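Report on the structure given below.
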Amino acid sequence: MTGQRRVIARVLSDADDHPDVEELYRRASALDSRISVATVYRTVRLLEEKGILERRDFGGGRARYEATEHGRHHYHLIDVDNGKVIEFEDPEHEELMRRVAERLGFDFVSMRLELFGKKRPQTPQAGKTAQAAKRKGAAS
């Protein structure tokens, strides 16, 4: 692996979001100005082929990427207003999908779940309820 590819791999492993190639290029070139956008594209393709990186399509016309996490199932909630991606886990959902696969005669291997939503406006009453819950939790 070349030094430039190592920089790109480091940027990917340090990412706590799901960057697209242009964002990867911006971050990598800030660390090594000799990195070209073509190098980023080639490296992303190579890492994807090797199963190290997963391509995600959250809408918006651009592919985004995240490191492959073998064995860990997590899901994505995408805010359609700003494109923010929230990762979450749900063991109950995973167990349900295992039972569905079994009922249909399959061994569960993996799954993908992507939810798209809009943040609800917080009403004054909801804000008071949330604050009261926080106070009660802090008092416990």
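Within each chain, counting starts at residue 1; across the structure tokens, chains are named A, B, ... in the order shown, with ligands numbered 1 upward in that order.
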Legend entry - Long-range neighbours of stretch 35-45 of chain A as an NGL selection string, 9 Å cut-off, only C-alpha atoms, 2 positions minimum in chain: :A and (4-5 or 7-9 or 21-22 or 24-26 or 28-29 or 31-33 or 47-50 or 53 or 65)
Inset, instruction - Determine, counting only C-alpha atoms, which protein, DNA and RNA residues have an atom within 8 Å of an atom of A:His76; residues of the same chain fewer than 5 positions away are not included. Present the result as number ranges by chain. - result: A: 85-88, 113-115
Legend entry - In chain A, DSSP helix (DSSP H, G or I) residues written as a count of residues only: 65
Inset, instruction - Have a look at atom CA of A:Gly117 and atom CA of A:Arg27 and let me know their distance in Å, one decimal. - result: 28.2 Å
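Using only C-alpha atoms, the shortest contact distance between A:Pro91 and any of A:His74, A:Arg56, A:Arg6, A:Arg120 is found at A:His74.
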Inset, instruction - Using only C-alpha atoms, find the one residue out of A:Pro19, A:Gly105, A:Gly3, A:Gly83 that sits nearest to A:Arg34. - result: A:Gly3
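With only C-alpha atoms as the atoms that count, the residue of A:Asp79, A:His73, A:Pro124, A:Glu89 with the shortest distance to A:Met111 is A:His73.
For the choices A:Phe108, A:Arg10, A:Ile78, A:Lys118, the atom-to-atom distance to A:Asp57 is smallest for A:Ile78 when using only C-alpha atoms.
Listed by chain and then by rising number, the residues of chain A that DSSP assigns to strand (DSSP E or B) from the backbone are Asp20, Leu53, Glu54, Arg55, Arg56, Asp57, Ala63, Arg64, Tyr65, Glu66, Ala67, Tyr75, His76, Leu77, Ile78, Asp79, Val85, Ile86, Glu87, Phe88, Glu114, Leu115, Phe116 and Gly117 of chain A.
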Please write the residues from the selection above to a file, keeping N, CA, C and O atoms, as a short mmCIF file (atom, residue, chain, number, x, y, z; two decimals), in the first residue's frame.
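See part.cif below for the written result:
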data_model
loop_
_atom_site.label_atom_id
_atom_site.label_comp_id
_atom_site.auth_asym_id
_atom_site.auth_seq_id
_atom_site.Cartn_x
_atom_site.Cartn_y
_atom_site.Cartn_z
N ASP A 20 -18.41 11.15 1.26
CA ASP A 20 -18.35 10.79 -0.15
C ASP A 20 -16.92 10.99 -0.62
O ASP A 20 -16.04 11.40 0.15
N LEU A 53 -14.32 -1.67 2.72
CA LEU A 53 -15.14 -0.46 2.68
C LEU A 53 -16.48 -0.82 2.06
O LEU A 53 -16.56 -1.65 1.16
N GLU A 54 -17.54 -0.19 2.58
CA GLU A 54 -18.87 -0.42 2.01
C GLU A 54 -19.42 0.87 1.44
O GLU A 54 -19.31 1.93 2.05
N ARG A 55 -19.99 0.72 0.27
CA ARG A 55 -20.61 1.85 -0.43
C ARG A 55 -22.06 1.96 0.03
O ARG A 55 -22.76 0.96 0.12
N ARG A 56 -22.49 3.15 0.33
CA ARG A 56 -23.86 3.41 0.76
C ARG A 56 -24.49 4.46 -0.15
O ARG A 56 -23.83 5.40 -0.55
N ASP A 57 -25.76 4.26 -0.46
CA ASP A 57 -26.49 5.25 -1.25
C ASP A 57 -27.62 5.77 -0.37
O ASP A 57 -28.63 5.09 -0.18
N ALA A 63 -22.51 8.58 -3.77
CA ALA A 63 -22.22 7.43 -2.93
C ALA A 63 -21.42 7.89 -1.72
O ALA A 63 -20.57 8.77 -1.82
N ARG A 64 -21.70 7.29 -0.59
CA ARG A 64 -20.96 7.58 0.63
C ARG A 64 -20.39 6.27 1.14
O ARG A 64 -20.86 5.19 0.77
N TYR A 65 -19.39 6.35 2.00
CA TYR A 65 -18.65 5.16 2.38
C TYR A 65 -18.48 5.05 3.88
O TYR A 65 -18.44 6.04 4.60
N GLU A 66 -18.35 3.79 4.32
CA GLU A 66 -18.02 3.50 5.71
C GLU A 66 -17.23 2.21 5.76
O GLU A 66 -17.33 1.36 4.87
N ALA A 67 -16.44 2.07 6.80
CA ALA A 67 -15.65 0.85 6.98
C ALA A 67 -16.59 -0.33 7.21
O ALA A 67 -17.62 -0.20 7.87
N TYR A 75 -27.79 0.11 11.61
CA TYR A 75 -28.72 0.63 10.63
C TYR A 75 -28.55 2.14 10.52
O TYR A 75 -27.86 2.75 11.33
N HIS A 76 -29.21 2.71 9.55
CA HIS A 76 -29.05 4.14 9.28
C HIS A 76 -30.40 4.83 9.20
O HIS A 76 -31.32 4.34 8.56
N LEU A 77 -30.49 5.97 9.85
CA LEU A 77 -31.63 6.87 9.73
C LEU A 77 -31.10 8.13 9.07
O LEU A 77 -30.18 8.76 9.60
N ILE A 78 -31.63 8.46 7.90
CA ILE A 78 -31.14 9.59 7.13
C ILE A 78 -32.15 10.73 7.23
O ILE A 78 -33.33 10.57 6.92
N ASP A 79 -31.68 11.88 7.68
CA ASP A 79 -32.50 13.09 7.75
C ASP A 79 -32.60 13.65 6.33
O ASP A 79 -31.59 14.08 5.77
N VAL A 85 -26.67 11.42 8.71
CA VAL A 85 -26.91 9.99 8.87
C VAL A 85 -26.69 9.63 10.34
O VAL A 85 -25.64 9.92 10.91
N ILE A 86 -27.70 9.02 10.93
CA ILE A 86 -27.62 8.59 12.32
C ILE A 86 -27.56 7.07 12.32
O ILE A 86 -28.44 6.41 11.76
N GLU A 87 -26.52 6.52 12.93
CA GLU A 87 -26.40 5.07 13.04
C GLU A 87 -27.08 4.61 14.33
O GLU A 87 -27.02 5.30 15.34
N PHE A 88 -27.70 3.44 14.25
CA PHE A 88 -28.30 2.86 15.45
C PHE A 88 -28.30 1.35 15.34
O PHE A 88 -28.13 0.80 14.26
N GLU A 114 -32.27 1.07 5.98
CA GLU A 114 -32.07 2.52 5.87
C GLU A 114 -33.43 3.18 5.98
O GLU A 114 -34.33 2.89 5.19
N LEU A 115 -33.56 4.00 6.98
CA LEU A 115 -34.79 4.75 7.19
C LEU A 115 -34.56 6.19 6.76
O LEU A 115 -33.48 6.73 7.00
N PHE A 116 -35.55 6.79 6.14
CA PHE A 116 -35.46 8.18 5.74
C PHE A 116 -36.56 8.93 6.47
O PHE A 116 -37.70 8.49 6.50
N GLY A 117 -36.21 10.04 7.10
CA GLY A 117 -37.21 10.77 7.86
C GLY A 117 -36.93 12.25 7.97
O GLY A 117 -35.88 12.73 7.54
#
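Computed from the coordinates, the atom CA of A:Gly51 to atom CA of A:Glu23 distance equals 20.7 Å.
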Inset, instruction - Point out the residue among A:Lys84, A:Arg103, A:His93, A:Arg112 with the least atom-to-atom distance to A:His18, counting only C-alpha atoms. - result: A:Lys84
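Between A:Val109 and the residues A:Leu46, A:Glu94, A:Arg62, A:Pro121, the shortest atom-to-atom distance, using only C-alpha atoms, involves A:Glu94.
If you look at atom CA of A:Asp17 and atom CA of A:Asn82, they are 13.5 Å away from each other.
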